[in-house]
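coords08.txt follows; it contains compact mmCIF, C-alpha atoms (C1' of nucleotides).
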```txt
# COMPACT_ATOMS: atom_id res chain seq x y z
CA MET A 15 261.38 40.95 127.34
CA ARG A 16 260.00 41.08 123.86
CA ALA A 17 262.78 38.78 122.72
CA ALA A 18 262.01 36.17 125.32
CA GLN A 19 258.36 36.25 124.49
CA GLY A 20 258.55 33.78 121.64
CA SER A 21 259.88 30.91 123.64
CA ARG A 22 257.76 31.75 126.63
CA VAL A 23 254.66 31.60 124.51
CA SER A 24 255.87 28.45 122.84
CA ARG A 25 256.36 26.69 126.17
CA ALA A 26 252.91 27.86 127.19
CA ILE A 27 251.50 26.44 123.98
CA ASP A 28 252.87 23.03 124.87
CA ARG A 29 251.07 23.20 128.18
CA ALA A 30 247.91 24.41 126.48
CA GLU A 31 248.02 21.48 124.11
CA ALA A 32 248.26 19.10 127.04
CA THR A 33 245.33 20.85 128.70
CA CYS A 34 243.20 20.40 125.60
CA LEU A 35 244.06 16.74 125.23
CA ALA A 36 243.26 16.14 128.87
CA ARG A 37 239.83 17.63 128.29
CA GLY A 38 239.20 15.78 125.07
CA GLY A 39 239.83 18.72 122.76
CA ARG A 40 242.29 19.31 119.95
CA LEU A 41 244.43 22.39 119.71
CA THR A 42 244.29 22.74 115.94
CA ALA A 43 246.38 25.16 113.91
CA ILE A 44 243.72 27.86 113.89
CA ARG A 45 243.06 27.60 117.59
CA ARG A 46 246.74 27.56 118.36
CA ARG A 47 247.39 30.67 116.32
CA VAL A 48 244.49 32.56 117.88
CA LEU A 49 245.79 31.67 121.32
CA GLU A 50 249.28 32.82 120.40
CA LEU A 51 247.97 36.13 119.11
CA LEU A 52 246.13 36.68 122.38
CA TRP A 53 249.17 35.82 124.44
CA GLU A 54 251.42 38.01 122.35
CA SER A 55 249.22 41.01 122.97
CA ASP A 56 249.72 43.18 126.01
CA GLU A 57 246.07 44.00 126.16
CA PRO A 58 242.69 42.45 125.40
CA VAL A 59 242.06 41.91 121.71
CA LYS A 60 238.77 42.34 119.90
CA ALA A 61 237.39 39.55 117.78
CA TYR A 62 237.55 41.47 114.54
CA ASP A 63 241.12 42.56 115.19
CA LEU A 64 242.02 38.93 115.65
CA LEU A 65 240.15 38.18 112.46
CA ALA A 66 242.08 40.84 110.56
CA ARG A 67 245.40 39.42 111.71
CA MET A 68 244.38 35.90 110.84
CA ARG A 69 243.24 37.04 107.43
CA ALA A 70 246.56 38.82 106.91
CA GLU A 71 248.24 35.51 107.58
CA GLY A 72 246.20 33.77 104.94
CA TRP A 73 243.45 32.13 106.98
CA SER A 74 239.80 32.25 106.12
CA SER A 75 238.21 35.66 106.56
CA ALA A 76 234.84 34.67 107.98
CA PRO A 77 234.01 35.84 111.50
CA SER A 78 233.23 32.31 112.57
CA LEU A 79 236.91 31.51 112.15
CA VAL A 80 237.74 33.40 115.31
CA TYR A 81 234.47 33.01 117.13
CA ARG A 82 234.69 29.25 116.93
CA ALA A 83 238.28 29.29 118.07
CA LEU A 84 237.45 31.65 120.92
CA ALA A 85 234.53 29.49 122.01
CA PHE A 86 236.73 26.42 122.06
CA LEU A 87 239.54 28.14 123.92
CA GLY A 88 237.03 29.53 126.38
CA GLU A 89 235.71 26.03 127.12
CA MET A 90 239.25 24.88 127.66
CA GLY A 91 239.80 27.69 130.13
CA LEU A 92 242.53 29.20 128.00
CA VAL A 93 240.95 32.56 127.28
CA HIS A 94 238.68 34.98 129.10
CA HIS A 95 235.96 37.02 127.53
CA LEU A 96 235.85 40.62 128.73
CA ALA A 97 232.18 41.26 128.08
CA SER A 98 232.26 44.90 129.08
CA ARG A 99 234.70 45.64 126.26
CA ASN A 100 233.82 42.88 123.82
CA ALA A 101 237.41 41.76 123.99
CA TYR A 102 239.32 38.60 124.71
CA VAL A 103 242.33 37.85 126.89
CA GLY A 104 244.68 34.91 126.86
CA CYS A 105 244.59 33.35 130.29
CA ARG A 106 247.77 33.68 132.27
CA ARG A 107 247.25 30.31 133.86
CA GLY A 108 246.67 27.92 131.04
CA GLY A 109 243.83 25.65 131.87
CA GLU A 110 243.62 25.77 135.63
CA ALA A 111 240.10 26.70 136.59
CA HIS A 112 240.23 30.05 138.31
CA CYS A 113 238.32 33.24 138.71
CA ALA A 114 239.80 36.01 136.61
CA GLN A 115 239.53 39.59 137.78
CA PHE A 116 240.06 42.76 135.82
CA PHE A 117 240.04 46.47 136.41
CA VAL A 118 238.72 48.22 133.37
CA CYS A 119 239.31 51.96 133.09
CA GLU A 120 236.35 53.57 131.38
CA ARG A 121 238.33 56.63 130.34
CA CYS A 122 241.49 55.29 128.75
CA GLY A 123 240.37 51.72 128.22
CA THR A 124 243.32 50.20 130.04
CA VAL A 125 242.67 46.78 131.48
CA SER A 126 244.71 45.40 134.34
CA GLU A 127 244.32 41.88 135.53
CA PHE A 128 244.73 41.12 139.20
CA GLU A 129 244.25 38.17 141.41
CA ASP A 130 242.60 38.16 144.78
CA ALA A 131 242.24 34.67 146.13
CA GLY A 132 239.94 35.87 148.87
CA LEU A 133 237.66 37.46 146.33
CA SER A 134 237.54 34.27 144.28
CA ALA A 135 236.77 32.27 147.41
CA ARG A 136 233.95 34.61 148.35
CA ILE A 137 232.41 34.35 144.92
CA GLU A 138 232.63 30.58 145.04
CA ALA A 139 231.02 30.61 148.48
CA ALA A 140 228.18 32.82 147.31
CA ALA A 141 227.61 30.52 144.35
CA ASP A 142 227.64 27.44 146.55
CA ARG A 143 225.10 28.96 148.87
CA ILE A 144 222.49 29.10 146.13
CA GLY A 145 223.59 25.94 144.39
CA PHE A 146 224.98 27.81 141.43
CA VAL A 147 228.01 26.34 139.73
CA ALA A 148 230.31 29.13 138.64
CA ALA A 149 232.19 28.41 135.46
CA ALA A 150 235.16 30.51 134.48
CA SER A 151 233.72 33.58 136.05
CA VAL A 152 235.23 36.88 135.05
CA VAL A 153 234.91 39.82 137.38
CA GLU A 154 235.15 43.12 135.56
CA ILE A 155 235.44 46.15 137.78
CA ARG A 156 234.75 49.28 135.83
CA GLY A 157 235.97 52.61 136.99
CA CYS A 158 238.86 54.99 136.64
CA CYS A 159 242.54 54.14 136.80
CA THR A 160 245.29 55.95 138.68
CA ARG A 161 246.74 57.64 135.65
CA CYS A 162 243.45 59.04 134.42
CA LEU A 163 242.67 60.29 137.91
CA ALA A 164 246.04 62.04 138.06
CA ASP A 165 245.55 63.58 134.65
CA GLY A 166 242.16 64.81 135.74
CA ARG A 167 240.74 63.25 132.64
CA MET B 26 202.24 41.33 143.85
CA ARG B 27 201.58 42.25 140.29
CA ALA B 28 198.79 44.53 141.42
CA ALA B 29 200.98 46.36 143.88
CA GLN B 30 203.66 46.88 141.31
CA GLY B 31 202.23 50.02 139.85
CA SER B 32 202.36 52.08 143.00
CA ARG B 33 205.63 50.56 144.10
CA VAL B 34 207.23 51.59 140.84
CA SER B 35 205.60 54.98 141.06
CA ARG B 36 207.04 55.60 144.53
CA ALA B 37 210.41 54.47 143.26
CA ILE B 38 210.14 56.90 140.37
CA ASP B 39 209.71 59.74 142.83
CA ARG B 40 212.91 58.72 144.55
CA ALA B 41 214.66 58.35 141.21
CA GLU B 42 213.64 61.84 140.24
CA ALA B 43 215.11 63.17 143.47
CA THR B 44 218.31 61.25 142.80
CA CYS B 45 218.64 62.78 139.36
CA LEU B 46 218.05 66.28 140.61
CA ALA B 47 220.60 65.81 143.35
CA ARG B 48 223.12 64.85 140.70
CA GLY B 49 222.23 67.63 138.35
CA GLY B 50 220.28 65.50 135.89
CA ARG B 51 216.71 65.61 134.68
CA LEU B 52 214.45 62.60 134.60
CA THR B 53 212.65 63.43 131.37
CA ALA B 54 209.60 61.60 130.06
CA ILE B 55 211.64 59.26 127.87
CA ARG B 56 214.08 58.42 130.61
CA ARG B 57 211.32 57.92 133.11
CA ARG B 58 209.43 55.56 130.84
CA VAL B 59 212.56 53.51 130.06
CA LEU B 60 213.25 53.20 133.75
CA GLU B 61 209.68 52.12 134.42
CA LEU B 62 209.87 49.47 131.73
CA LEU B 63 213.04 48.10 133.27
CA TRP B 64 211.56 48.05 136.74
CA GLU B 65 208.36 46.42 135.51
CA SER B 66 210.30 43.57 133.99
CA ASP B 67 211.21 40.54 136.06
CA GLU B 68 214.37 40.02 134.08
CA PRO B 69 217.02 42.00 132.24
CA VAL B 70 215.74 43.69 129.10
CA LYS B 71 217.62 44.11 125.85
CA ALA B 72 217.95 47.53 124.29
CA TYR B 73 216.03 46.66 121.16
CA ASP B 74 213.19 45.14 123.15
CA LEU B 75 212.97 48.36 125.07
CA LEU B 76 213.03 50.20 121.79
CA ALA B 77 210.17 48.10 120.42
CA ARG B 78 208.05 48.81 123.46
CA MET B 79 208.80 52.50 123.30
CA ARG B 80 207.94 52.55 119.63
CA ALA B 81 204.67 50.75 120.35
CA GLU B 82 203.85 53.54 122.75
CA GLY B 83 204.43 56.15 120.11
CA TRP B 84 207.93 57.32 120.89
CA SER B 85 210.62 57.76 118.31
CA SER B 86 211.91 54.55 116.84
CA ALA B 87 215.61 55.34 116.62
CA PRO B 88 218.05 53.24 118.65
CA SER B 89 219.54 56.32 120.20
CA LEU B 90 216.23 56.90 121.94
CA VAL B 91 216.95 54.05 124.34
CA TYR B 92 220.73 54.12 124.27
CA ARG B 93 220.78 57.72 125.37
CA ALA B 94 218.27 57.06 128.09
CA LEU B 95 220.21 54.02 129.26
CA ALA B 96 223.47 55.94 129.31
CA PHE B 97 221.90 58.66 131.39
CA LEU B 98 220.24 56.24 133.80
CA GLY B 99 223.51 54.39 134.11
CA GLU B 100 225.34 57.56 135.08
CA MET B 101 222.68 58.24 137.66
CA GLY B 102 223.18 54.77 139.09
CA LEU B 103 219.61 53.79 138.30
CA VAL B 104 220.30 50.94 135.90
CA HIS B 105 222.97 48.29 135.49
CA HIS B 106 224.35 47.05 132.23
CA LEU B 107 224.72 43.28 132.08
CA ALA B 108 227.51 43.18 129.55
CA SER B 109 227.63 39.41 129.29
CA ARG B 110 224.06 39.37 128.01
CA ASN B 111 223.83 42.80 126.41
CA ALA B 112 220.91 43.52 128.65
CA TYR B 113 219.89 46.13 131.15
CA VAL B 114 218.46 45.93 134.66
CA GLY B 115 216.68 48.52 136.71
CA CYS B 116 218.62 48.98 139.91
CA ARG B 117 216.83 47.83 143.03
CA ARG B 118 218.40 50.57 145.06
CA GLY B 119 217.69 53.75 143.23
CA GLY B 120 220.74 55.88 143.17
CA GLU B 121 222.77 54.64 146.10
CA ALA B 122 226.22 53.74 144.85
CA HIS B 123 226.69 50.04 145.29
CA CYS B 124 228.25 47.04 143.73
CA ALA B 125 225.70 44.94 141.91
CA GLN B 126 226.21 41.22 141.61
CA PHE B 127 224.50 38.79 139.31
CA PHE B 128 224.49 35.08 138.67
CA VAL B 129 223.97 34.46 134.99
CA CYS B 130 223.03 30.94 133.92
CA GLU B 131 224.60 30.20 130.58
CA ARG B 132 222.12 27.45 129.78
CA CYS B 133 218.72 28.93 130.45
CA GLY B 134 219.70 32.57 130.57
CA THR B 135 218.18 33.20 133.97
CA VAL B 136 219.76 36.06 135.87
CA SER B 137 219.52 36.34 139.63
CA GLU B 138 220.74 39.37 141.48
CA PHE B 139 222.25 38.94 144.89
CA GLU B 140 223.99 41.09 147.37
CA ASP B 141 227.08 40.18 149.31
CA ALA B 142 228.33 43.12 151.30
CA GLY B 143 231.58 41.32 152.05
CA LEU B 144 232.19 40.79 148.37
CA SER B 145 231.55 44.44 147.62
CA ALA B 146 233.91 45.45 150.39
CA ARG B 147 236.61 43.18 149.07
CA ILE B 148 236.30 44.59 145.59
CA GLU B 149 236.49 48.11 146.97
CA ALA B 150 239.56 47.16 148.96
CA ALA B 151 241.29 45.66 145.94
CA ALA B 152 240.52 48.79 143.96
CA ASP B 153 241.82 51.04 146.73
CA ARG B 154 245.05 49.11 146.89
CA ILE B 155 245.96 50.05 143.34
CA GLY B 156 244.38 53.49 143.43
CA PHE B 157 241.58 52.48 141.13
CA VAL B 158 238.23 54.14 141.69
CA ALA B 159 235.48 51.62 141.09
CA ALA B 160 232.34 53.13 139.65
CA ALA B 161 229.11 51.18 139.67
CA SER B 162 230.88 47.92 139.21
CA VAL B 163 228.80 45.00 138.08
CA VAL B 164 229.98 41.52 138.91
CA GLU B 165 228.58 38.91 136.56
CA ILE B 166 229.18 35.36 137.59
CA ARG B 167 228.55 33.03 134.70
CA GLY B 168 227.80 29.41 135.24
CA CYS B 169 224.92 27.02 135.65
CA CYS B 170 221.88 27.49 137.87
CA THR B 171 220.28 24.94 140.19
CA ARG B 172 217.39 24.15 137.92
CA CYS B 173 219.52 23.47 134.85
CA LEU B 174 221.80 21.27 136.93
CA ALA B 175 218.80 19.29 138.18
CA ASP B 176 217.43 18.91 134.67
CA GLY B 177 220.80 17.67 133.54
CA ARG B 178 220.65 20.22 130.78
C1' DG C 26 244.02 0.12 103.73
C1' DT C 27 239.01 1.05 103.60
C1' DA C 28 234.82 2.61 105.42
C1' DC C 29 232.53 5.03 108.65
C1' DA C 30 231.50 8.46 112.22
C1' DT C 31 232.82 12.62 114.12
C1' DA C 32 235.00 16.94 114.46
C1' DA C 33 236.66 20.98 112.30
C1' DT C 34 236.60 24.28 108.66
C1' DG C 35 235.07 27.38 104.48
C1' DC C 36 231.82 30.33 103.25
C1' DG C 37 227.85 33.25 102.78
C1' DA C 38 224.08 35.44 104.64
C1' DC C 39 222.05 37.55 108.23
C1' DA C 40 220.70 39.19 113.00
C1' DC C 41 221.74 41.85 116.63
C1' DT C 42 224.00 45.70 119.20
C1' DA C 43 225.69 50.22 119.44
C1' DT C 44 227.47 54.73 117.90
C1' DA C 45 228.32 58.76 114.82
C1' DG C 46 226.83 62.77 112.88
C1' DC C 47 223.99 66.47 112.06
C1' DG C 48 220.14 69.24 112.53
C1' DT C 49 216.27 71.15 115.47
C1' DA C 50 213.72 72.70 119.55
C1' DG C 51 213.31 74.50 124.07
C1' DC C 52 214.99 76.91 127.94
C1' DA C 53 217.87 79.96 130.75
C1' DA C 54 221.38 83.49 131.41
C1' DT C 55 223.60 87.21 129.60
C1' DA D 25 218.46 89.19 120.43
C1' DT D 26 222.28 86.26 121.17
C1' DT D 27 224.56 82.73 123.16
C1' DG D 28 225.18 78.38 125.46
C1' DC D 29 223.39 74.26 126.90
C1' DT D 30 220.70 70.00 127.06
C1' DA D 31 217.64 66.88 125.04
C1' DC D 32 215.70 64.93 121.11
C1' DG D 33 214.63 63.22 115.98
C1' DC D 34 216.48 60.94 112.38
C1' DT D 35 219.54 58.53 109.09
C1' DA D 36 223.31 56.04 108.20
C1' DT D 37 226.80 53.05 109.41
C1' DA D 38 230.03 50.66 112.33
C1' DG D 39 230.79 46.88 115.12
C1' DT D 40 229.72 42.28 117.07
C1' DG D 41 228.13 37.72 116.81
C1' DT D 42 225.35 33.57 114.93
C1' DC D 43 223.42 30.09 111.71
C1' DG D 44 223.18 26.73 108.17
C1' DC D 45 225.09 23.95 104.95
C1' DA D 46 228.63 22.01 102.10
C1' DT D 47 233.25 20.29 102.35
C1' DT D 48 237.41 18.64 104.27
C1' DA D 49 240.23 16.62 107.77
C1' DT D 50 240.87 13.29 111.64
C1' DG D 51 240.40 9.36 114.37
C1' DT D 52 238.46 4.52 114.91
C1' DA D 53 236.87 -0.03 113.75
C1' DC D 54 237.01 -3.43 110.79
```
Rewritten as structure tokens:
Amino acid sequence: MRAAQGSRVSRAIDRAEATCLARGGRLTAIRRRVLELLWESDEPVKAYDLLARMRAEGWSSAPSLVYRALAFLGEMGLVHHLASRNAYVGCRRGGEAHCAQFFVCERCGTVSEFEDAGLSARIEAAADRIGFVAAASVVEIRGCCTRCLADGR
Amino acid sequence: MRAAQGSRVSRAIDRAEATCLARGGRLTAIRRRVLELLWESDEPVKAYDLLARMRAEGWSSAPSLVYRALAFLGEMGLVHHLASRNAYVGCRRGGEAHCAQFFVCERCGTVSEFEDAGLSARIEAAADRIGFVAAASVVEIRGCCTRCLADGR
DNA sequence: GTACATAATGCGACACTATAGCGTAGCAAT
DNA sequence: ATTGCTACGCTATAGTGTCGCATTATGTAC
């Protein structure tokens, strides 16, 4: 799986580039690399970890390097911001507007993404009812995961 | 409404105290005051704003003063943490476990709480399905509120 | 190709948010 | 008295995110 990851990510990057162009944005080298790093990770990545990796690869070392890239990618719908952990996730579905949902274990920190169309629909409906326009909403459900429960942790 | 607030909050404090006792916690003076400040505010309050008010009232000025109180109140189910804004909200329903839901306008910052029992149920169901135990989950739906849309902001 | 406008980046300083660590005080049970 | 526990005071520091301004790249119109 690890071996196939390179080409999978690279195909995804092509789609991401198209998404950006369609929305009037440019997937520059920095932004592309940040997106790749997010996609290559199995779990949410923190901004300063991203920054450290970028720095190790020779990019500028200022925080705004990643924060600007993350802001852009967020607008393009390519990354989600997990506010409860101050971490960022590459979106599985490059560009399509959708409602991301995550279970966040407060004991071990594991984050699992899931998708419940009915849940998304209900959130959209609730927003509609009060005239609120939901943009890239991220539902973070905090609690305790199966493994931690089993371990009695 | 403003005039009635004092006694309303005071009755709520009595209930909160009972909730804490029932859960084996103590609603000390600091914790009580922090909770009151949250309840007295019409909108989410940031930790350092709370700290400033506490300091003005003569309490210790260390950040941990409020962070500890907030952590405790969170465990008791008396406050919610709005991670997307780094702000805290006094829970309308003192102590009852429930799933809080908020619309957060990214333009003007306004936060409106709402309650959709069906949404809560669906989240619980999704959690059950994967054996995840949701604890005091907070759903934050980011987007744009009616007023900002009307103003074209 | 040149000039211009715009977008993106480099960089430094700073503001804001949160936690760690350690010591002390009070209270209750042994 | 000793121990264990919880809450608190206090300092330092870690971690997270933003702003402003100069500079460089990129696209567009002439």
Using all atoms listed in the file, which protein or nucleic acid residues come within 12 Å of C:DT27? Drop anything in the same chain fewer than 5 positions from it, and give the result as a CSV table (one decimal) with C-alpha atoms (C1' of nucleotides), in the coordinates of the input.
```csv
chain,number,residue,atom,x,y,z
D,52,DT,C1',238.5,4.5,114.9
D,53,DA,C1',236.9,0.0,113.8
D,54,DC,C1',237.0,-3.4,110.8
```
As a list of chain:residue names, could you give me every residue of chain C near chain B (at most 10 Å apart, counting all atoms listed in the file)?
C:DC41, C:DT42, C:DA43, C:DT44
Where does chain A end up after superposition onto chain B over all in-order Cα pairs? Give it as a short mmCIF file (atom, residue, chain, number, x, y, z; two decimals) with C-alpha atoms, in the frame of the given file.
```cif
data_model
loop_
_atom_site.label_atom_id
_atom_site.label_comp_id
_atom_site.auth_asym_id
_atom_site.auth_seq_id
_atom_site.Cartn_x
_atom_site.Cartn_y
_atom_site.Cartn_z
CA MET A 15 202.01 41.27 143.64
CA ARG A 16 201.46 42.32 140.09
CA ALA A 17 198.68 44.62 141.25
CA ALA A 18 200.87 46.37 143.77
CA GLN A 19 203.59 46.85 141.25
CA GLY A 20 202.22 50.05 139.79
CA SER A 21 202.31 52.05 142.95
CA ARG A 22 205.56 50.52 144.06
CA VAL A 23 207.19 51.56 140.84
CA SER A 24 205.58 54.96 141.05
CA ARG A 25 206.96 55.58 144.53
CA ALA A 26 210.35 54.44 143.28
CA ILE A 27 210.08 56.89 140.40
CA ASP A 28 209.63 59.74 142.85
CA ARG A 29 212.82 58.72 144.58
CA ALA A 30 214.60 58.35 141.26
CA GLU A 31 213.57 61.84 140.28
CA ALA A 32 215.02 63.19 143.50
CA THR A 33 218.23 61.27 142.86
CA CYS A 34 218.56 62.82 139.41
CA LEU A 35 217.94 66.33 140.66
CA ALA A 36 220.50 65.86 143.39
CA ARG A 37 223.04 64.90 140.76
CA GLY A 38 222.14 67.69 138.39
CA GLY A 39 220.19 65.56 135.94
CA ARG A 40 216.62 65.65 134.71
CA LEU A 41 214.39 62.62 134.64
CA THR A 42 212.61 63.45 131.41
CA ALA A 43 209.59 61.59 130.07
CA ILE A 44 211.64 59.26 127.90
CA ARG A 45 214.08 58.44 130.65
CA ARG A 46 211.29 57.93 133.13
CA ARG A 47 209.45 55.55 130.85
CA VAL A 48 212.57 53.52 130.09
CA LEU A 49 213.24 53.21 133.80
CA GLU A 50 209.68 52.11 134.45
CA LEU A 51 209.88 49.47 131.74
CA LEU A 52 213.05 48.10 133.31
CA TRP A 53 211.53 48.04 136.76
CA GLU A 54 208.36 46.41 135.52
CA SER A 55 210.32 43.56 134.01
CA ASP A 56 211.22 40.53 136.07
CA GLU A 57 214.37 40.01 134.12
CA PRO A 58 217.04 42.00 132.29
CA VAL A 59 215.79 43.69 129.14
CA LYS A 60 217.69 44.10 125.90
CA ALA A 61 218.06 47.51 124.34
CA TYR A 62 216.14 46.66 121.21
CA ASP A 63 213.29 45.13 123.18
CA LEU A 64 213.05 48.36 125.11
CA LEU A 65 213.14 50.20 121.82
CA ALA A 66 210.30 48.10 120.43
CA ARG A 67 208.13 48.82 123.45
CA MET A 68 208.87 52.51 123.31
CA ARG A 69 208.06 52.56 119.63
CA ALA A 70 204.79 50.75 120.32
CA GLU A 71 203.95 53.55 122.71
CA GLY A 72 204.54 56.17 120.08
CA TRP A 73 208.07 57.34 120.86
CA SER A 74 210.78 57.79 118.30
CA SER A 75 212.08 54.55 116.83
CA ALA A 76 215.78 55.34 116.60
CA PRO A 77 218.15 53.23 118.69
CA SER A 78 219.66 56.32 120.24
CA LEU A 79 216.34 56.90 121.98
CA VAL A 80 217.04 54.07 124.38
CA TYR A 81 220.80 54.16 124.35
CA ARG A 82 220.83 57.77 125.44
CA ALA A 83 218.30 57.08 128.14
CA LEU A 84 220.24 54.05 129.32
CA ALA A 85 223.48 56.01 129.41
CA PHE A 86 221.87 58.72 131.48
CA LEU A 87 220.23 56.29 133.87
CA GLY A 88 223.50 54.43 134.19
CA GLU A 89 225.31 57.63 135.20
CA MET A 90 222.62 58.27 137.75
CA GLY A 91 223.14 54.80 139.17
CA LEU A 92 219.59 53.79 138.35
CA VAL A 93 220.31 50.95 135.95
CA HIS A 94 222.98 48.29 135.56
CA HIS A 95 224.37 47.06 132.31
CA LEU A 96 224.76 43.29 132.13
CA ALA A 97 227.54 43.19 129.58
CA SER A 98 227.67 39.42 129.32
CA ARG A 99 224.09 39.37 128.03
CA ASN A 100 223.87 42.81 126.45
CA ALA A 101 220.95 43.52 128.72
CA TYR A 102 219.93 46.14 131.22
CA VAL A 103 218.48 45.94 134.72
CA GLY A 104 216.69 48.54 136.76
CA CYS A 105 218.61 48.98 139.97
CA ARG A 106 216.83 47.80 143.06
CA ARG A 107 218.35 50.56 145.12
CA GLY A 108 217.65 53.73 143.27
CA GLY A 109 220.70 55.87 143.22
CA GLU A 110 222.75 54.63 146.13
CA ALA A 111 226.18 53.75 144.87
CA HIS A 112 226.65 50.03 145.31
CA CYS A 113 228.23 47.05 143.71
CA ALA A 114 225.67 44.93 141.90
CA GLN A 115 226.18 41.20 141.63
CA PHE A 116 224.48 38.75 139.33
CA PHE A 117 224.48 35.05 138.67
CA VAL A 118 223.95 34.43 135.02
CA CYS A 119 222.99 30.91 133.94
CA GLU A 120 224.56 30.15 130.59
CA ARG A 121 222.07 27.40 129.80
CA CYS A 122 218.66 28.89 130.50
CA GLY A 123 219.67 32.54 130.60
CA THR A 124 218.16 33.18 134.01
CA VAL A 125 219.73 36.04 135.89
CA SER A 126 219.51 36.31 139.65
CA GLU A 127 220.74 39.32 141.49
CA PHE A 128 222.28 38.89 144.91
CA GLU A 129 224.04 41.05 147.36
CA ASP A 130 227.15 40.17 149.27
CA ALA A 131 228.42 43.10 151.25
CA GLY A 132 231.67 41.32 151.96
CA LEU A 133 232.24 40.78 148.28
CA SER A 134 231.59 44.44 147.53
CA ALA A 135 233.98 45.44 150.29
CA ARG A 136 236.69 43.17 148.93
CA ILE A 137 236.33 44.59 145.46
CA GLU A 138 236.52 48.12 146.82
CA ALA A 139 239.62 47.17 148.80
CA ALA A 140 241.30 45.67 145.76
CA ALA A 141 240.51 48.80 143.77
CA ASP A 142 241.84 51.05 146.51
CA ARG A 143 245.06 49.11 146.66
CA ILE A 144 245.93 50.03 143.09
CA GLY A 145 244.38 53.47 143.19
CA PHE A 146 241.55 52.48 140.91
CA VAL A 147 238.21 54.14 141.49
CA ALA A 148 235.45 51.63 140.91
CA ALA A 149 232.30 53.13 139.48
CA ALA A 150 229.07 51.19 139.53
CA SER A 151 230.84 47.92 139.15
CA VAL A 152 228.76 44.96 138.09
CA VAL A 153 229.95 41.49 138.93
CA GLU A 154 228.56 38.90 136.56
CA ILE A 155 229.16 35.32 137.59
CA ARG A 156 228.52 33.00 134.71
CA GLY A 157 227.76 29.39 135.25
CA CYS A 158 224.89 26.99 135.68
CA CYS A 159 221.87 27.45 137.90
CA THR A 160 220.28 24.93 140.25
CA ARG A 161 217.38 24.12 138.00
CA CYS A 162 219.49 23.45 134.93
CA LEU A 163 221.79 21.26 137.00
CA ALA A 164 218.81 19.27 138.27
CA ASP A 165 217.41 18.89 134.79
CA GLY A 166 220.77 17.68 133.61
CA ARG A 167 220.58 20.22 130.86
#
```
Can you measure atom CA of A:Phe117 to atom CA of B:Cys45 for me? One decimal in Å is fine.
27.1 Å
Excluding same-chain residues fewer than 2 positions from A:Thr160, what lies within 8 Å of it counting all atoms listed in the file, as a ChimeraX atom specification?
/A:158,162-164 /B:155-158
At most 10 Å is the cut-off: for each residue in chain D with any atom that close to an atom of chain A, write down the nearest atom pair and the distance in Å rounded to one decimal, counting all atoms listed in the file, chain first then increasing number, as JSON lines.
```
{"residue": "D:DG39", "atom": "C1'", "partner": "A:Tyr62", "partner_atom": "CA", "distance": 8.7}
{"residue": "D:DT40", "atom": "C1'", "partner": "A:Asn100", "partner_atom": "CA", "distance": 7.9}
{"residue": "D:DG41", "atom": "C1'", "partner": "A:Tyr81", "partner_atom": "CA", "distance": 7.9}
{"residue": "D:DT42", "atom": "C1'", "partner": "A:Ser78", "partner_atom": "CA", "distance": 8.3}
```
Check the smallest atom-to-atom distance from each of B:Arg51, B:Ile166, B:Leu75, B:Arg154 to B:Leu63 using all atoms listed in the file, then report the winner.
B:Leu75
When you get a sec, could you note down which chain B residues fall within 9 Å of chain A, using only C-alpha atoms, as an NGL selection string?
:B and (106-111 or 128 or 130 or 139 or 141 or 143-144 or 147-148 or 151-152 or 155-171 or 174)
Atom CA of A:Leu35 to atom CA of A:Leu49: how many Å, to one decimal?
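Interatomic distance, atom CA of A:Leu35 to atom CA of A:Leu49: 15.5 Å.
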Please identify all polymer residues within 10 Å of stretch 52-55 of chain C, counting only C-alpha atoms (C1' of nucleotides), omitting same-chain residues fewer than 5 positions from it, and present them as JSON, numbers by chain.
{"D": [26, 27, 28, 29, 30]}
What's the separation between atom CA of B:Ala81 and atom CA of B:Arg58, in Å to one decimal place?
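Distance reported for this atom pair: 12.5 Å.
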Applying 10 Å and all atoms listed in the file, which residues near C:DA45 remain after dropping the ones on its own chain fewer than 3 positions away? List them as a short mmCIF file (atom, residue, chain, number, x, y, z; two decimals) with C-alpha atoms (C1' of nucleotides), in the coordinates of the input.
```cif
data_model
loop_
_atom_site.label_atom_id
_atom_site.label_comp_id
_atom_site.auth_asym_id
_atom_site.auth_seq_id
_atom_site.Cartn_x
_atom_site.Cartn_y
_atom_site.Cartn_z
"C1'" DA D 36 223.31 56.04 108.20
"C1'" DT D 37 226.80 53.05 109.41
"C1'" DA D 38 230.03 50.66 112.33
#
```
Selected residue of minimal separation from D:DT50 among C:DC39, C:DG46, C:DA33, C:DG51, counting all atoms listed in the file:
C:DA33
